[in-house]
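File shown: protein-v4.txt. Contents: compact mmCIF, C-alpha atoms.
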# COMPACT_ATOMS: atom_id res chain seq x y z
CA MET H 1 27.10 -23.10 8.54
CA TRP H 2 26.08 -22.03 12.05
CA PRO H 3 28.93 -20.07 13.76
CA ARG H 4 30.78 -21.67 16.70
CA LEU H 5 31.26 -18.76 19.05
CA ILE H 6 28.46 -17.59 21.36
CA ARG H 7 29.59 -14.03 20.70
CA THR H 8 28.86 -14.41 16.97
CA LYS H 9 25.59 -16.23 17.57
CA VAL H 10 24.38 -13.55 19.96
CA VAL H 11 25.26 -10.73 17.55
CA ILE H 12 23.51 -12.54 14.71
CA CYS H 13 20.41 -13.18 16.83
CA ILE H 14 20.28 -9.60 18.09
CA GLY H 15 20.74 -8.28 14.58
CA ALA H 16 18.15 -10.64 13.13
CA THR H 17 15.61 -9.77 15.83
CA LEU H 18 16.12 -6.07 15.34
CA ILE H 19 15.91 -6.41 11.56
CA LEU H 20 12.71 -8.44 11.84
CA GLY H 21 11.25 -5.98 14.30
CA GLY H 22 12.37 -3.05 12.22
CA GLY H 23 11.03 -4.72 9.09
CA GLY H 24 7.70 -5.20 10.81
CA ILE H 25 7.55 -1.54 11.79
CA ILE H 26 8.48 -0.50 8.26
CA ALA H 27 5.82 -2.80 6.83
CA LEU H 28 3.22 -1.32 9.19
CA SER H 29 4.32 2.21 8.30
CA TYR H 30 4.03 1.44 4.61
CA ARG H 31 0.63 -0.14 5.12
CA GLU H 32 -0.55 2.94 7.00
CA TYR H 33 0.75 5.12 4.16
CA VAL H 34 -1.11 3.00 1.59
CA ASN H 35 -4.26 3.10 3.75
CA GLN H 36 -3.97 6.86 4.04
CA ILE H 37 -3.77 7.26 0.27
CA ASP H 38 -6.70 4.86 -0.07
CA ARG H 39 -8.73 6.80 2.50
CA ILE H 40 -8.08 10.04 0.63
CA GLY H 41 -9.13 8.35 -2.60
CA HIS H 42 -12.37 7.06 -1.15
CA LYS H 43 -13.12 10.37 0.53
CA SER H 44 -12.67 12.10 -2.82
CA LEU H 45 -14.89 9.50 -4.44
CA ASP H 46 -17.61 10.00 -1.84
CA GLU H 47 -17.44 13.78 -2.22
CA ALA H 48 -17.59 13.66 -6.00
CA ARG H 49 -20.30 11.04 -6.05
CA GLU H 50 -22.46 12.99 -3.60
CA ALA H 51 -21.85 16.27 -5.39
CA PHE H 52 -22.73 14.67 -8.72
CA ALA H 53 -25.86 13.11 -7.28
CA SER H 54 -26.78 16.47 -5.79
CA ALA H 55 -26.26 18.25 -9.13
CA GLU H 56 -28.28 15.55 -10.84
CA ALA H 57 -31.07 15.83 -8.27
CA ASP H 58 -31.18 19.62 -8.74
CA ASP H 59 -31.43 19.22 -12.48
CA VAL H 60 -34.10 16.56 -12.19
CA LYS H 61 -36.18 19.03 -10.17
CA MET H 62 -35.56 21.68 -12.77
CA LEU H 63 -36.47 19.36 -15.65
CA LYS H 64 -39.63 18.12 -13.93
CA ALA H 65 -40.80 21.61 -13.07
CA THR H 66 -40.04 22.82 -16.57
CA LEU H 67 -41.81 19.91 -18.26
CA GLU H 68 -44.87 20.18 -16.04
CA THR H 69 -45.13 23.87 -16.74
CA LEU H 70 -44.69 23.35 -20.47
CA MET H 71 -47.33 20.63 -20.62
CA SER H 72 -49.84 22.83 -18.89
CA ASN H 73 -49.49 25.30 -21.77
CA ASP H 74 -52.39 24.97 -24.23
CA ALA H 75 -50.21 26.44 -26.97
CA ILE H 76 -48.24 23.19 -26.78
CA THR H 77 -50.85 20.58 -25.90
CA THR H 78 -53.38 21.75 -28.51
CA PRO H 79 -51.23 21.09 -31.62
CA PHE H 80 -50.08 17.85 -29.97
CA ALA H 81 -53.68 16.78 -29.43
CA ARG H 82 -54.46 17.70 -33.07
CA ARG H 83 -51.34 15.83 -34.20
CA ASP H 84 -50.25 18.96 -36.04
CA ARG H 85 -46.52 18.36 -36.21
CA ALA H 86 -45.62 21.54 -38.03
CA ALA H 87 -47.55 23.76 -35.63
CA LEU H 88 -46.10 21.97 -32.63
CA ALA H 89 -42.58 22.32 -33.98
CA ALA H 90 -43.12 25.99 -34.71
CA VAL H 91 -44.20 26.77 -31.15
CA THR H 92 -41.69 24.55 -29.34
CA ALA H 93 -38.49 25.24 -31.29
CA PRO H 94 -37.94 28.78 -29.92
CA MET H 95 -38.73 27.55 -26.42
CA LEU H 96 -36.11 24.82 -26.69
CA ALA H 97 -33.55 27.30 -27.93
CA GLN H 98 -34.18 29.42 -24.84
CA MET H 99 -34.04 26.41 -22.50
CA LYS H 100 -30.81 25.24 -24.09
CA ALA H 101 -29.19 28.65 -23.73
CA HIS H 102 -30.23 29.18 -20.11
CA TYR H 103 -30.57 25.71 -18.59
CA GLY H 104 -28.67 23.31 -20.84
CA ILE H 105 -31.82 21.42 -21.89
CA THR H 106 -30.95 19.93 -25.26
CA ASN H 107 -33.68 17.35 -25.99
CA TRP H 108 -37.46 17.60 -26.21
CA MET H 109 -39.66 14.88 -27.58
CA PHE H 110 -43.31 14.09 -28.00
CA VAL H 111 -44.41 10.44 -28.22
CA GLU H 112 -47.79 9.03 -29.16
CA PRO H 113 -49.57 7.01 -26.49
CA GLU H 114 -49.48 3.22 -26.27
CA PRO H 115 -49.89 0.95 -28.11
CA SER H 116 -48.38 3.12 -30.87
CA ASN H 117 -45.42 4.58 -28.95
CA LYS H 118 -44.25 6.27 -32.15
CA VAL H 119 -42.11 9.37 -31.79
CA PHE H 120 -44.32 12.20 -32.94
CA LEU H 121 -41.79 15.05 -32.80
CA ARG H 122 -38.18 15.58 -31.83
CA VAL H 123 -38.09 19.31 -31.28
CA HIS H 124 -34.24 19.24 -31.40
CA LYS H 125 -34.34 17.16 -34.62
CA PRO H 126 -37.66 17.82 -36.32
CA GLY H 127 -36.73 15.76 -39.37
CA GLU H 128 -36.55 12.51 -37.37
CA PHE H 129 -39.86 11.04 -36.25
CA GLY H 130 -42.03 7.94 -36.62
CA ASP H 131 -39.67 5.47 -34.93
CA THR H 132 -40.90 3.49 -31.97
CA MET H 133 -39.92 4.66 -28.51
CA ASP H 134 -39.00 1.55 -26.53
CA ARG H 135 -36.63 2.91 -23.92
CA PRO H 136 -37.02 1.66 -20.32
CA LEU H 137 -37.79 5.16 -19.03
CA HIS H 138 -40.64 5.56 -21.45
CA GLU H 139 -41.99 2.15 -20.53
CA GLU H 140 -41.81 3.12 -16.86
CA ALA H 141 -43.85 6.27 -17.53
CA ILE H 142 -46.42 4.14 -19.37
CA ARG H 143 -46.58 1.75 -16.45
CA THR H 144 -46.76 4.33 -13.66
CA LYS H 145 -48.53 7.13 -15.50
CA THR H 146 -46.34 9.65 -13.72
CA PHE H 147 -42.82 11.03 -14.01
CA ALA H 148 -40.05 8.65 -14.99
CA VAL H 149 -36.48 9.89 -14.45
CA GLY H 150 -33.13 8.46 -15.38
CA LYS H 151 -29.97 8.60 -17.42
CA GLU H 152 -30.22 7.29 -20.96
CA LEU H 153 -27.33 6.42 -23.15
CA GLY H 154 -27.92 8.15 -26.42
CA LYS H 155 -25.91 7.59 -29.55
CA ALA H 156 -23.62 10.46 -28.61
CA GLY H 157 -23.63 10.42 -24.84
CA PHE H 158 -25.54 10.26 -21.57
CA ILE H 159 -28.78 12.21 -21.35
CA LEU H 160 -30.59 12.95 -18.11
CA ARG H 161 -34.22 12.58 -19.07
CA VAL H 162 -37.63 13.11 -17.50
CA VAL H 163 -40.73 11.61 -19.08
CA LEU H 164 -44.29 12.72 -18.31
CA PRO H 165 -47.67 11.54 -19.57
CA VAL H 166 -49.62 14.38 -21.18
CA TYR H 167 -53.40 14.73 -20.76
CA ASP H 168 -55.93 17.11 -22.19
CA ALA H 169 -58.50 19.03 -20.16
CA GLN H 170 -60.80 15.98 -20.24
CA LYS H 171 -58.05 13.85 -18.75
CA LYS H 172 -57.61 12.01 -22.01
CA LEU H 173 -54.08 10.70 -22.53
CA LEU H 174 -52.54 12.57 -25.45
CA GLY H 175 -49.21 10.87 -25.26
CA TYR H 176 -45.89 11.48 -23.55
CA ALA H 177 -43.40 14.30 -23.47
CA ASN H 178 -39.81 14.19 -22.32
CA LEU H 179 -37.02 16.66 -21.73
CA GLY H 180 -33.36 15.73 -21.79
CA GLU H 181 -30.10 17.31 -20.73
CA GLU H 182 -26.58 16.11 -21.50
CA ILE H 183 -24.87 15.37 -18.20
CA GLY H 184 -21.54 16.86 -19.22
CA GLY H 185 -22.65 20.12 -17.65
CA PHE H 186 -22.75 18.58 -14.18
CA ILE H 187 -19.05 18.06 -13.88
CA GLY H 188 -18.30 21.78 -13.94
CA ARG H 189 -20.57 22.30 -10.97
CA VAL H 190 -19.06 19.35 -9.09
CA GLN H 191 -15.56 20.68 -9.76
CA ARG H 192 -16.45 24.08 -8.33
CA GLN H 193 -18.03 22.45 -5.29
CA THR H 194 -15.37 19.85 -4.47
CA GLY H 195 -12.18 21.13 -6.06
CA HIS H 196 -11.62 17.81 -7.83
CA GLN H 197 -11.06 17.67 -11.57
CA LEU H 198 -13.58 15.49 -13.37
CA ALA H 199 -14.11 13.94 -16.75
CA ILE H 200 -16.77 11.72 -18.26
CA VAL H 201 -15.64 8.78 -20.34
CA MET H 202 -17.82 6.42 -22.29
CA ARG H 203 -17.40 3.02 -23.83
CA LYS H 204 -16.92 3.28 -27.58
CA GLN H 205 -18.94 0.12 -28.16
CA ALA H 206 -22.02 1.86 -26.73
CA LEU H 207 -21.75 4.80 -29.10
CA ASP H 208 -22.23 5.38 -32.78
CA HIS H 209 -18.93 6.67 -34.18
CA ASN H 210 -20.51 8.59 -37.05
CA LEU H 211 -23.08 10.20 -34.82
CA TRP H 212 -20.39 11.04 -32.31
CA SER H 213 -18.25 12.70 -34.93
CA ALA H 214 -21.26 14.59 -36.28
CA THR H 215 -22.15 15.78 -32.77
CA CYS H 216 -18.58 16.98 -32.19
CA LYS H 217 -18.75 18.87 -35.45
CA THR H 218 -22.07 20.46 -34.54
CA LEU H 219 -20.87 21.45 -31.08
CA LYS H 220 -17.53 22.61 -32.56
CA ILE H 221 -15.51 20.44 -30.18
CA GLU H 222 -12.52 18.25 -30.96
CA ASP H 223 -13.38 14.70 -31.97
CA GLU H 224 -11.14 12.57 -29.77
CA TRP H 225 -12.53 9.21 -30.77
CA ASP H 226 -9.10 7.76 -31.48
CA ARG H 227 -7.47 9.11 -28.36
CA TRP H 228 -7.92 5.93 -26.29
CA PRO H 229 -8.55 2.32 -27.33
CA SER H 230 -11.83 1.53 -25.59
CA PHE H 231 -13.21 4.76 -24.18
CA VAL H 232 -13.93 8.20 -25.50
CA LEU H 233 -13.77 11.46 -23.59
CA MET H 234 -17.13 13.13 -23.31
CA GLY H 235 -16.15 16.14 -21.26
CA SER H 236 -13.51 17.35 -18.83
CA THR H 237 -13.12 20.18 -16.33
CA LYS H 238 -9.43 20.41 -17.20
CA LYS H 239 -7.99 21.28 -20.59
CA ASP H 240 -5.37 18.56 -20.23
CA ALA H 241 -7.66 15.57 -19.93
CA SER H 242 -4.85 12.99 -19.86
CA PHE H 243 -5.84 12.23 -16.26
CA ALA H 244 -9.07 10.73 -17.58
CA ALA H 245 -7.37 7.90 -19.44
CA PHE H 246 -9.04 4.66 -18.41
CA ASP H 247 -8.61 1.35 -20.13
CA GLY H 248 -9.50 -1.03 -17.36
CA ASP H 249 -12.47 -3.27 -16.74
CA LEU H 250 -15.33 -0.96 -15.86
CA ASP H 251 -17.48 -3.90 -14.83
CA ALA H 252 -14.95 -4.78 -12.13
CA VAL H 253 -15.19 -1.34 -10.52
CA PRO H 254 -17.47 -1.29 -7.45
CA GLU H 255 -20.77 0.57 -7.85
CA THR H 256 -19.63 3.25 -5.41
CA GLY H 257 -16.41 3.73 -7.36
CA GLY H 258 -12.83 2.57 -7.29
CA VAL H 259 -9.46 4.20 -6.74
CA LEU H 260 -7.24 3.99 -9.83
CA GLY H 261 -3.98 4.97 -8.20
CA LEU H 262 -1.42 7.73 -8.10
CA ARG H 263 -0.36 9.86 -11.03
CA PHE H 264 2.80 11.92 -11.19
CA ALA H 265 2.81 14.74 -13.71
CA ASN H 266 4.18 18.28 -13.91
CA GLY H 267 5.64 18.08 -10.42
CA ARG H 268 2.28 17.27 -8.86
CA THR H 269 0.98 14.06 -7.31
CA THR H 270 -2.65 13.28 -7.91
CA LEU H 271 -4.95 10.44 -7.01
CA ARG H 272 -7.40 9.17 -9.63
CA ALA H 273 -10.65 7.36 -9.13
CA ILE H 274 -13.62 6.34 -11.25
CA VAL H 275 -17.34 6.05 -10.56
CA PRO H 276 -19.31 3.93 -13.04
CA LEU H 277 -22.29 5.48 -14.76
CA LEU H 278 -25.29 3.25 -15.33
CA ASP H 279 -27.65 3.92 -18.21
CA ASP H 280 -31.37 3.26 -18.28
CA HIS H 281 -30.70 -0.43 -19.02
CA LYS H 282 -28.55 -0.58 -15.85
CA VAL H 283 -25.51 -1.17 -18.05
CA ARG H 284 -22.21 0.45 -17.16
CA ASN H 285 -21.40 2.23 -20.36
CA GLY H 286 -19.47 5.09 -18.90
CA GLY H 287 -17.79 6.53 -15.89
CA ILE H 288 -16.81 9.71 -14.14
CA VAL H 289 -13.06 9.91 -13.67
CA LEU H 290 -11.95 12.25 -10.94
CA GLU H 291 -8.54 13.57 -10.01
CA THR H 292 -7.55 14.88 -6.59
CA ASP H 293 -4.35 16.79 -6.00
CA ILE H 294 -2.56 15.21 -3.03
CA THR H 295 0.91 16.61 -3.61
CA ASP H 296 1.35 17.98 -0.09
CA VAL H 297 -0.11 14.93 1.63
CA TYR H 298 1.97 12.57 -0.50
CA ARG H 299 5.14 14.53 0.07
CA HIS H 300 4.53 14.56 3.83
CA ALA H 301 3.70 10.84 3.91
CA ARG H 302 6.73 9.97 1.83
CA THR H 303 9.06 12.09 3.95
CA THR H 304 7.66 10.51 7.10
CA ALA H 305 8.09 7.03 5.65
CA ILE H 306 11.69 7.69 4.60
CA MET H 307 12.51 9.21 7.98
CA THR H 308 10.90 6.30 9.79
CA ILE H 309 12.89 3.80 7.74
CA GLY H 310 16.08 5.80 8.28
CA VAL H 311 15.55 6.05 12.02
CA ILE H 312 14.75 2.36 12.29
CA PHE H 313 17.88 1.36 10.40
CA LEU H 314 19.97 3.67 12.54
CA LEU H 315 18.33 2.21 15.63
CA ILE H 316 19.09 -1.31 14.44
CA ILE H 317 22.75 -0.48 13.94
CA VAL H 318 23.12 1.42 17.20
CA MET H 319 21.28 -1.20 19.26
CA SER H 320 23.20 -4.06 17.65
CA LEU H 321 26.49 -2.35 18.41
CA ALA H 322 25.41 -1.43 21.93
CA MET H 323 24.26 -4.96 22.75
CA ALA H 324 27.39 -6.49 21.22
CA PHE H 325 29.52 -4.09 23.27
CA MET H 326 27.66 -4.92 26.46
CA MET H 327 27.88 -8.67 25.87
CA ASP H 328 31.57 -8.30 25.17
CA ARG H 329 32.24 -6.25 28.30
CA LEU H 330 29.92 -8.05 30.71
CA VAL H 331 30.39 -11.64 29.57
CA PHE H 332 32.93 -12.60 26.95
CA ARG H 333 35.93 -10.62 28.10
CA ARG H 334 35.39 -11.73 31.68
CA ILE H 335 35.16 -15.35 30.52
CA ASP H 336 38.45 -14.86 28.66
CA ARG H 337 40.04 -13.46 31.84
CA VAL H 338 38.73 -16.38 33.96
CA ILE H 339 40.13 -18.86 31.45
CA ASP H 340 43.47 -17.04 31.43
CA LYS H 341 43.76 -16.84 35.25
CA THR H 342 42.69 -20.45 35.75
CA THR H 343 45.12 -21.69 33.12
CA ARG H 344 47.94 -19.72 34.70
CA PHE H 345 47.05 -21.09 38.09
CA VAL H 346 47.15 -24.63 36.79
CA GLY H 347 50.45 -23.68 35.24
CA GLY H 348 51.82 -22.89 38.70
CA ASP H 349 51.08 -19.22 39.19
CA ALA H 350 49.75 -19.34 42.74
CA ALA H 351 49.30 -15.55 42.70
CA SER H 352 46.89 -15.76 39.79
CA VAL H 353 43.73 -14.61 41.53
CA ILE H 354 40.44 -14.71 39.69
CA ALA H 355 38.91 -11.28 40.25
CA VAL H 356 35.18 -11.24 40.88
CA GLU H 357 34.07 -8.32 38.73
CA GLY H 358 30.39 -8.25 39.43
CA ASP H 359 27.49 -9.67 41.36
CA ASP H 360 25.91 -11.26 38.29
CA GLU H 361 25.80 -14.61 36.49
CA VAL H 362 29.44 -14.46 35.36
CA GLY H 363 30.36 -13.14 38.80
CA LYS H 364 29.04 -16.37 40.32
CA VAL H 365 31.35 -18.39 38.05
CA GLU H 366 34.28 -16.09 38.93
CA THR H 367 33.50 -16.51 42.62
CA LEU H 368 33.23 -20.30 42.36
CA LEU H 369 36.47 -20.74 40.44
CA ASP H 370 38.41 -18.51 42.79
CA GLN H 371 37.01 -20.43 45.74
CA LEU H 372 38.17 -23.66 44.06
CA ARG H 373 41.59 -22.13 43.56
CA GLN H 374 41.82 -21.23 47.23
CA LEU H 375 40.65 -24.68 48.26
CA PHE H 376 43.26 -26.27 46.02
CA VAL H 377 46.04 -24.05 47.41
CA HIS H 378 44.93 -24.79 50.98
CA THR H 379 44.71 -28.56 50.33
CA THR H 380 48.07 -28.65 48.56
CA LEU H 381 49.82 -26.84 51.44
CA ARG H 382 48.51 -29.44 53.89
CA LEU H 383 49.94 -32.34 51.85
CA PRO H 384 53.22 -33.78 53.15
CA GLN H 385 56.19 -32.61 51.01
CA GLY H 386 57.31 -35.00 48.24
CA GLU H 387 53.84 -36.34 47.51
CA MET O 388 62.63 -43.56 35.01
CA GLY O 389 62.71 -39.88 34.64
CA GLN O 390 61.37 -39.78 31.11
CA LEU O 391 58.38 -37.73 32.17
CA HIS O 392 60.59 -35.36 34.13
CA ASP O 393 62.94 -35.02 31.15
CA MET O 394 60.04 -34.11 28.91
CA CYS O 395 58.89 -31.47 31.39
CA GLN O 396 62.38 -29.99 31.49
CA LYS O 397 62.57 -29.92 27.69
CA ILE O 398 59.24 -28.17 27.64
CA ASP O 399 60.42 -25.59 30.21
CA ALA O 400 63.56 -24.99 28.10
CA HIS O 401 61.44 -24.51 24.98
CA ILE O 402 59.18 -22.05 26.81
CA LYS O 403 62.22 -20.09 27.99
CA THR O 404 63.82 -20.07 24.51
CA LYS O 405 60.64 -18.90 22.87
CA LYS O 406 60.02 -16.39 25.67
CA LEU O 407 56.47 -17.68 26.19
CA ASP O 408 54.27 -17.11 29.24
CA THR O 409 55.48 -19.95 31.48
CA PHE O 410 52.43 -20.23 33.72
CA LYS O 411 49.98 -19.96 30.88
CA VAL O 412 51.66 -22.59 28.71
CA ARG O 413 52.24 -25.01 31.60
CA GLY O 414 48.61 -24.47 32.60
CA GLN O 415 47.35 -25.25 29.07
CA LEU O 416 49.52 -28.37 28.93
CA SER O 417 48.36 -29.51 32.37
CA LEU O 418 44.68 -29.05 31.52
CA ILE O 419 45.09 -31.11 28.34
CA CYS O 420 47.21 -33.83 30.01
CA GLY O 421 45.03 -34.16 33.01
CA PHE O 422 47.81 -33.76 35.58
CA MET O 423 49.75 -30.80 36.86
CA LEU O 424 53.23 -30.43 35.41
CA GLY O 425 54.24 -28.59 38.55
CA PHE O 426 53.96 -31.82 40.52
CA VAL O 427 56.37 -33.73 38.23
CA ASN O 428 59.91 -34.12 39.63
CA ALA O 429 62.87 -36.47 39.18
CA LYS O 430 61.31 -39.03 41.48
CA THR O 431 57.95 -39.08 39.67
CA PRO O 432 57.46 -42.58 38.19
CA ASP O 433 56.97 -42.80 34.43
CA ASP O 434 53.43 -43.50 33.42
CA PRO O 435 53.14 -44.37 29.70
CA ALA O 436 49.68 -42.88 29.60
CA GLN O 437 50.91 -39.61 31.11
CA ILE O 438 53.91 -39.57 28.77
CA ALA O 439 51.66 -40.08 25.74
CA ALA O 440 49.27 -37.41 27.01
CA LEU O 441 52.09 -34.93 27.49
CA LYS O 442 53.47 -35.63 23.99
CA LYS O 443 50.02 -35.01 22.55
CA ALA O 444 49.60 -31.82 24.61
CA GLY O 445 53.02 -30.57 23.51
CA LYS O 446 52.06 -31.08 19.88
CA ALA O 447 48.72 -29.33 20.36
CA VAL O 448 49.91 -26.32 22.38
CA LEU O 449 53.49 -25.81 21.17
CA GLN O 450 53.43 -27.62 17.79
CA GLN O 451 56.53 -29.52 18.89
CA ASP O 452 57.48 -33.17 19.41
CA PHE O 453 59.04 -33.70 22.80
structure tokens encoding of this file:
Amino acid sequence: MWPRLIRTKVVICIGATLILGGGGIIALSYREYVNQIDRIGHKSLDEAREAFASAEADDVKMLKATLETLMSNDAITTPFARRDRAALAAVTAPMLAQMKAHYGITNWMFVEPEPSNKVFLRVHKPGEFGDTMDRPLHEEAIRTKTFAVGKELGKAGFILRVVLPVYDAQKKLLGYANLGEEIGGFIGRVQRQTGHQLAIVMRKQALDHNLWSATCKTLKIEDEWDRWPSFVLMGSTKKDASFAAFDGDLDAVPETGGVLGLRFANGRTTLRAIVPLLDDHKVRNGGIVLETDITDVYRHARTTAIMTIGVIFLLIIVMSLAMAFMMDRLVFRRIDRVIDKTTRFVGGDAASVIAVEGDDEVGKVETLLDQLRQLFVHTTLRLPQGE
Amino acid sequence: MGQLHDMCQKIDAHIKTKKLDTFKVRGQLSLICGFMLGFVNAKTPDDPAQIAALKKAGKAVLQQDF
């Protein structure tokens, strides 16, 4: 029910206006805080994405240069041209071991030219050959007859691969060679450059569980296949890789990456984000999860937000009280006094003068009523007695 | 004749007994009645409307039947 007294209505209206205004300021402050966190997240994403791209670009240059140099070596092209698998394996195996130790190159393949496209030799797995190479990168090299570069999703992870057509001295096409490097090594470099912690996660459905487990065994790393429902951890810059947990919809994440939100652990506040990784089929089968420590920023923002809210509430209370006090002093009490004096005058108290307490709106009413009182007294005195 | 005046005197006596603010109470009664009690004397003719109004005012202001 709406209150009767103006005093109550005014206090309610003042309070409501201040609360609405204060609420608006609080909402804006909170929005700014959320925007700030979001800005930090996107800045971290941009940094990590650029650093990763830079590391990838550096390694692409390295792989290209290495492959070109290797394919200009007759000791390699001659057994390939002769289709002498054993001889080729014998000369390339030690080279791959060196490249793996120094540069992280883990894959080296030779493929027969089209229309065959049969894998002639996997230097890293000499026992597996004869299958048809039908990956998009290989097809691109066939089409362009020059380097093809990209990330391929192997059975155990992402491989950065360069493919090059190989010719003999008479410019006859001998086939194709490719070098590959697992991209897990990039994240260490990105971490050193940006300070963010990173991890690579991959969709389980894109991997072969048995092959994955075998690879973990070979590399002597823990097989964490069952750690998360849909994704598996491929590598992390931090021993505690719990920050990399992702079970969302990777397809819904923007191509440039998405912020996953805040994480509170071990007294620190961190912001997580994920950048999708596309394979050679342009399918998002993995992602880079990054973690940025924003403890100081978060603490500062939170303190500011709490202080802002506190100050606003205090302001609302103080202003409400101040305005109620002023209304009481300047209006309502004076109205009460006018009513009292006028009533007393009507009751016969001729000395009941209405004091004019100010040159304001209420003062005009005070002035008018006192003038009426004086007029009444004057008129009454002029009336003959007994009437 | 004199009923109105009698009522006014009873009201004055009540105000005195209860030690109320004379001017304030008479003023409140006058404003409700529509005429000034101060102008009522023994010669004031009885007006049924004024008598009824004063009875009503007395009930409202002093919670008494006069």
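Straight-line separation from CA of Gln450 in chain O to CA of Asp399 in chain O: 14.4 Å.
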Exercise. Any idea what's packed within 10 Å of range 167-174 of chain H, counting all atoms listed in the file, ignoring anything in its chain fewer than 4 positions away? Could you give it as a ChimeraX atom specification?
Worked result: /H:71-72,74,77-78,80-83,110-114,145
For this session: Dump as a PyMOL selection string the residues of chain O that approach chain H to within 12 Å, counting all atoms listed in the file.
Result: chain O and resi 399+408-432
Exercise. Any idea what's packed within 7 Å of range 436-442 of chain O, counting only C-alpha atoms, ignoring anything in its chain fewer than 4 positions away? Could you give it as a VMD selection string?
Worked result: chain O and resid 391 420 446 452 to 453
Exercise. If you measure from CA of Ala53 in chain H to CA of Arg143 in chain H, what distance in Å do you get, rounded to one decimal?
Worked result: 25.3 Å
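Counting from CA of Ser230 in chain H, the distance to CA of Asp134 in chain H is 27.2 Å.
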Exercise. Neighbours of range 204-206 of chain H within 8 Å (all atoms listed in the file; same-chain residues fewer than 3 positions away dropped), as number ranges by chain?
Worked result: H: 153, 155, 209, 230-232, 285
Problem set entry | Option closest in space to Val448 in chain O, from O:His392, O:Lys403, O:Asp434, O:Ile398 [counting only C-alpha atoms] | O:Ile398
Go through range 272-313 of chain H residue by residue and, counting all atoms listed in the file, keep those with an atom at most 9 Å from range 12-29 of chain H; for each kept residue give the shortest atom pair and its distance in Å to one decimal, ordered by chain and increasing number, as CSV.
residue,atom,partner,partner_atom,distance
H:Ala305,CA,H:Ser29,CA,6.7
H:Thr308,CA,H:Ile26,CA,7.4
H:Ile309,CA,H:Ile26,CA,6.2
H:Ile312,CA,H:Gly22,CA,5.9
H:Phe313,CA,H:Gly22,CA,7.3
Please enclose the listed atoms of range 412-415 of chain O in an axis-aligned box, pad each side by 6 Å, and write out the centre and the three edge lengths in Å, rounded to one decimal, as AutoDock Vina command-line options.
--center_x 49.8 --center_y -23.9 --center_z 30.7 --size_x 16.9 --size_y 14.7 --size_z 15.9
What would the list of residues within 7 Å of (-7.1, 6.0, -12.3) (file frame) look like as a compact mmCIF listing (two decimals) with C-alpha atoms, keeping the file's coordinate frame, if all atoms listed in the file are what count?
# COMPACT_ATOMS: atom_id res chain seq x y z
CA PHE H 246 -9.04 4.66 -18.41
CA VAL H 259 -9.46 4.20 -6.74
CA LEU H 260 -7.24 3.99 -9.83
CA GLY H 261 -3.98 4.97 -8.20
CA ARG H 272 -7.40 9.17 -9.63
CA ALA H 273 -10.65 7.36 -9.13
CA ILE H 274 -13.62 6.34 -11.25
Problem set entry | Pick from H:Thr8, H:Thr132, H:Ser44, H:Asn178, whichever lies nearest to Leu70 in chain H using all atoms listed in the file | H:Asn178
Exercise. Which is closest to Tyr30 in chain H among H:Leu96, H:Leu368, H:Ala322, H:Ala301, if we use only C-alpha atoms?
Worked result: H:Ala301
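A search radius of 6 Å centred on (-11.2, 15.3, -13.9), applied to only C-alpha atoms, returns the residues Gln197, Leu198, Ala199, Ser236, Thr237, Val289, Leu290 and Glu291 of chain H.
Residue nearest Thr269 in chain H, chosen from H:Leu160, H:Ala101, H:Ile6, H:Ile37 and counting all atoms listed in the file: H:Ile37.
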Please, can range 420-428 of chain O be completed to N, CA and C atoms and returned as a PDB file, in the frame of the given file?
ATOM      1  N   CYS O 420      46.685 -32.528  29.545  1.00  0.00           N
ATOM      2  CA  CYS O 420      47.210 -33.830  30.010  1.00  0.00           C
ATOM      3  C   CYS O 420      46.327 -34.475  31.066  1.00  0.00           C
ATOM      4  N   GLY O 421      45.821 -33.624  31.919  1.00  0.00           N
ATOM      5  CA  GLY O 421      45.030 -34.160  33.010  1.00  0.00           C
ATOM      6  C   GLY O 421      45.822 -34.286  34.301  1.00  0.00           C
ATOM      7  N   PHE O 422      47.028 -33.792  34.340  1.00  0.00           N
ATOM      8  CA  PHE O 422      47.810 -33.760  35.580  1.00  0.00           C
ATOM      9  C   PHE O 422      48.653 -32.501  35.573  1.00  0.00           C
ATOM     10  N   MET O 423      49.018 -32.051  36.766  1.00  0.00           N
ATOM     11  CA  MET O 423      49.750 -30.800  36.860  1.00  0.00           C
ATOM     12  C   MET O 423      51.246 -31.024  36.677  1.00  0.00           C
ATOM     13  N   LEU O 424      51.800 -30.287  35.698  1.00  0.00           N
ATOM     14  CA  LEU O 424      53.230 -30.430  35.410  1.00  0.00           C
ATOM     15  C   LEU O 424      54.063 -29.991  36.615  1.00  0.00           C
ATOM     16  N   GLY O 425      53.524 -29.097  37.391  1.00  0.00           N
ATOM     17  CA  GLY O 425      54.240 -28.590  38.550  1.00  0.00           C
ATOM     18  C   GLY O 425      54.537 -29.663  39.591  1.00  0.00           C
ATOM     19  N   PHE O 426      53.774 -30.751  39.545  1.00  0.00           N
ATOM     20  CA  PHE O 426      53.960 -31.820  40.520  1.00  0.00           C
ATOM     21  C   PHE O 426      54.923 -32.913  39.996  1.00  0.00           C
ATOM     22  N   VAL O 427      55.456 -32.735  38.792  1.00  0.00           N
ATOM     23  CA  VAL O 427      56.370 -33.730  38.230  1.00  0.00           C
ATOM     24  C   VAL O 427      57.789 -33.358  38.645  1.00  0.00           C
ATOM     25  N   ASN O 428      58.508 -34.332  39.291  1.00  0.00           N
ATOM     26  CA  ASN O 428      59.910 -34.120  39.630  1.00  0.00           C
ATOM     27  C   ASN O 428      60.695 -35.364  39.235  1.00  0.00           C
TER      28      ASN O 428
END
